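Trainee: Sharing model-v5.txt, compact mmCIF, C-alpha atoms and all ligand atoms:
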# COMPACT_ATOMS: atom_id res chain seq x y z
CA MET A 1 82.13 108.05 121.53
CA PRO A 2 81.42 111.46 119.99
CA ASP A 3 78.63 111.76 117.45
CA ILE A 4 77.11 114.45 115.29
CA SER A 5 73.58 114.17 116.72
CA SER A 6 73.99 117.31 118.85
CA ILE A 7 74.83 119.30 115.72
CA SER A 8 71.70 117.96 114.00
CA VAL A 9 69.51 118.75 117.00
CA GLY A 10 71.07 122.22 117.30
CA LEU A 11 70.43 122.99 113.65
CA GLN A 12 66.85 121.68 113.93
CA SER A 13 66.27 124.04 116.88
CA ILE A 14 67.57 126.98 114.85
CA LYS A 15 65.19 126.06 112.03
CA THR A 16 62.31 125.96 114.53
CA ALA A 17 63.34 129.38 115.86
CA LEU A 18 63.40 130.84 112.36
CA ASP A 19 59.96 129.40 111.62
CA ILE A 20 58.61 131.03 114.78
CA THR A 21 60.06 134.44 113.85
CA LYS A 22 58.34 134.16 110.46
CA GLU A 23 55.05 133.40 112.21
CA LEU A 24 55.59 136.33 114.56
CA ARG A 25 56.19 138.66 111.65
CA SER A 26 52.98 137.57 109.97
CA ILE A 27 50.79 137.70 113.08
CA ASN A 28 47.93 140.04 112.60
CA SER A 29 48.03 142.98 114.97
CA SER A 30 44.48 142.25 116.01
CA LEU A 31 45.63 139.06 117.70
CA LYS A 32 45.98 139.05 121.42
CA ASP A 33 49.23 139.77 123.21
CA ALA A 34 49.00 136.31 124.79
CA GLU A 35 49.58 134.63 121.45
CA VAL A 36 52.64 136.76 120.75
CA LYS A 37 53.99 136.01 124.21
CA LEU A 38 53.49 132.30 123.68
CA LYS A 39 55.35 132.43 120.38
CA LEU A 40 58.19 134.39 121.98
CA ALA A 41 58.45 131.78 124.72
CA GLU A 42 58.68 129.03 122.10
CA LEU A 43 61.31 131.05 120.27
CA ILE A 44 63.46 131.45 123.38
CA GLU A 45 63.12 127.75 124.13
CA ALA A 46 64.20 126.77 120.64
CA LEU A 47 67.20 129.10 120.71
CA SER A 48 68.25 127.86 124.14
CA GLU A 49 68.09 124.28 122.94
CA ALA A 50 70.21 125.18 119.91
CA LYS A 51 72.75 126.88 122.15
CA ILE A 52 73.06 123.83 124.43
CA GLN A 53 73.34 121.37 121.56
CA LEU A 54 75.92 123.41 119.69
CA SER A 55 78.00 123.86 122.85
CA GLU A 56 78.01 120.10 123.23
CA ALA A 57 79.06 119.75 119.61
CA ARG A 58 81.89 122.21 120.22
CA GLU A 59 83.08 120.17 123.20
CA GLU A 60 82.95 116.98 121.17
CA ASN A 61 84.90 118.70 118.41
CA GLN A 62 87.54 119.75 120.92
CA GLU A 63 87.80 116.21 122.26
CA LEU A 64 88.21 114.86 118.73
CA LYS A 65 90.97 117.36 118.01
CA GLU A 66 92.82 116.28 121.13
CA THR A 67 92.42 112.62 120.23
CA ILE A 68 93.79 113.27 116.74
CA LYS A 69 96.72 115.21 118.16
CA ALA A 70 97.56 112.36 120.56
CA LEU A 71 97.33 109.77 117.78
CA GLU A 72 99.52 111.84 115.46
CA LYS A 73 102.09 112.16 118.22
CA GLU A 74 102.00 108.38 118.69
CA LEU A 75 102.46 107.82 114.95
CA ASN A 76 105.41 110.20 114.71
CA LYS A 77 107.01 108.60 117.72
CA GLU A 78 107.05 105.33 115.80
CA ASN A 79 109.38 106.83 113.24
CA GLU A 80 111.77 108.52 115.62
CA VAL A 81 115.01 106.72 114.99
CA VAL A 82 118.64 107.05 115.91
CA PHE A 83 121.62 106.09 113.77
CA LYS A 84 124.16 103.92 115.50
CA GLU A 85 126.97 101.79 114.01
CA SER A 86 125.61 101.57 110.41
CA PHE A 87 121.99 100.89 111.44
CA TYR A 88 118.92 102.68 112.60
CA TYR A 89 117.23 101.94 115.89
CA LEU A 90 113.94 103.16 117.34
CA LYS A 91 114.52 105.99 119.76
CA ASP A 92 111.80 104.75 122.10
CA SER A 93 110.95 101.09 122.17
CA ILE A 94 107.38 100.20 121.27
CA GLU A 95 105.74 97.33 123.06
CA GLY A 96 105.58 94.20 120.94
CA LYS A 97 107.83 95.64 118.26
CA ALA A 98 111.50 95.10 117.53
CA GLY A 99 113.54 98.24 118.10
CA GLY A 100 116.12 97.48 115.45
CA PRO A 101 118.61 97.21 113.87
CA PHE A 102 116.97 98.51 110.70
CA CYS A 103 118.51 98.72 107.22
CA ALA A 104 120.10 102.16 106.71
CA LYS A 105 119.76 101.98 102.90
CA CYS A 106 116.03 101.18 102.94
CA TYR A 107 115.40 103.92 105.48
CA SER A 108 117.26 106.60 103.53
CA ASP A 109 115.86 105.48 100.14
CA GLU A 110 112.25 104.71 100.99
CA HIS A 111 111.87 105.82 104.58
CA LYS A 112 110.96 102.24 105.50
CA LEU A 113 112.12 100.49 108.63
CA ILE A 114 113.28 97.06 107.49
CA LEU A 115 114.59 94.81 110.22
CA VAL A 116 117.92 93.27 109.19
CA THR A 117 118.70 89.63 109.98
CA GLU A 118 121.90 88.36 111.47
CA LEU A 119 123.98 86.22 109.13
CA PRO A 120 125.44 82.88 110.22
CA LYS A 121 129.02 83.24 111.50
CA GLN A 122 130.63 81.72 108.37
CA PHE A 123 128.99 84.36 106.14
CA GLN A 124 129.94 87.38 108.18
CA ASP A 125 133.04 88.32 106.10
CA PHE A 126 131.43 91.52 104.74
CA GLY A 127 129.12 92.26 107.58
CA ARG A 128 127.10 90.82 110.39
CA TYR A 129 123.63 91.70 109.14
CA LYS A 130 121.77 91.40 105.87
CA CYS A 131 118.67 93.30 104.78
CA PRO A 132 115.96 90.90 103.54
CA LYS A 133 114.58 93.60 101.23
CA CYS A 134 117.54 95.18 99.43
CA GLY A 135 120.16 92.57 100.28
CA ASP A 136 122.54 95.15 101.76
CA ILE A 137 125.12 93.68 104.11
CA GLY A 138 126.64 95.69 106.92
CA GLY A 139 127.47 96.01 110.56
ZN ZN B 201 117.54 97.35 102.93
Would you give me this structure, written as structure tokens?
Mentor:
Amino acid sequence: MPDISSISVGLQSIKTALDITKELRSINSSLKDAEVKLKLAELIEALSEAKIQLSEAREENQELKETIKALEKELNKENEVVFKESFYYLKDSIEGKAGGPFCAKCYSDEHKLILVTELPKQFQDFGRYKCPKCGDIGG
């Protein structure tokens, strides 16, 4: 599960690094070299931490993009239909879902896949199926 904590930590490290550079700039020249060196070491550490955290954030971002792409593909697949003998059918069957026939009128008018129901034999004079939504008979 990706989270945004690495971005927060990375940004915090950058803030720390900036604070250290301000301190360095204000250090009195009479201070010992050792103190400057210590501050520089802290600065490098903070920047390294920021780099690691932001790299992790970039990886997480990449993973999220791939997940979104896969989900979008899955969603589009759901609407891939083929027209066959007055009705639409799903191009690829989806587990647990009826693959058709779907009402052609509802699909062209509202882009909705409405499963048509088969009429009893004695009512099939004008068609075999009836759409429960628009009442269209066909097939
Ligand atoms: Zn319909």
Trainee: Per residue of chain A within 6 Å of ligand ZN 201 (chain B), which atom pair is closest and at what distance in Å (one decimal), using all atoms listed in the file, listed by chain and increasing number, as a tab-separated table?
Mentor:
residue	atom	partner	partner_atom	distance
A:Cys103	CA	B:ZN201	ZN	4.6
A:Lys105	CA	B:ZN201	ZN	5.1
A:Cys106	CA	B:ZN201	ZN	4.1
A:Cys131	CA	B:ZN201	ZN	4.6
A:Lys133	CA	B:ZN201	ZN	5.1
A:Cys134	CA	B:ZN201	ZN	4.1
A:Asp136	CA	B:ZN201	ZN	5.6
Trainee: Excluding Gly99 (chain A) and any residue of its chain fewer than 2 positions from it, enumerate the residues within 12 Å of it, using all atoms listed in the file, and give them as number ranges by chain.
Mentor: A: 78-82, 87-97, 101-103, 113-116
Trainee: For Pro120 (chain A), please output as a PDB file with C-alpha atoms, keeping the file's coordinate frame all residues within 12 Å (counting all atoms listed in the file; exclusion window: fewer than 6 positions along the same chain).
Mentor:
ATOM      1  CA  PHE A 126     131.430  91.520 104.740  1.00  0.00           C
ATOM      2  CA  GLY A 127     129.120  92.260 107.580  1.00  0.00           C
ATOM      3  CA  ARG A 128     127.100  90.820 110.390  1.00  0.00           C
ATOM      4  CA  TYR A 129     123.630  91.700 109.140  1.00  0.00           C
ATOM      5  CA  LYS A 130     121.770  91.400 105.870  1.00  0.00           C
TER       6      LYS A 130
END
Trainee: For CA of Leu75 (chain A) and CA of His111 (chain A), determine how far apart the two atoms are, in Å to one decimal place.
Mentor: 14.1 Å
Trainee: I'd like to know which of A:Ile27, A:Ile137, A:Ile7, A:Ala104 is closest to Gln53 (chain A), using only C-alpha atoms.
Mentor: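 Result for the nearest residue to Gln53 (chain A): A:Ile7.
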Trainee: Could you please determine the separation between CA of Gly138 (chain A) and CA of Glu110 (chain A) in Å, to one decimal place?
Mentor: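 Atom-to-atom, CA of Gly138 (chain A) to CA of Glu110 (chain A), that is 18.0 Å.
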Trainee: So, with all atoms listed in the file as the atoms that count, which of A:Gln124, A:Thr117, A:Ser86, A:Thr16 lies closest to Ala50 (chain A)?
Mentor: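 Closest to Ala50 (chain A) of all the choices is A:Thr16.
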Trainee: By how many Å are CA of Ala98 (chain A) and CA of Pro132 (chain A) apart?
Mentor: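 Taking CA of Ala98 (chain A) and CA of Pro132 (chain A), their separation equals 15.3 Å.
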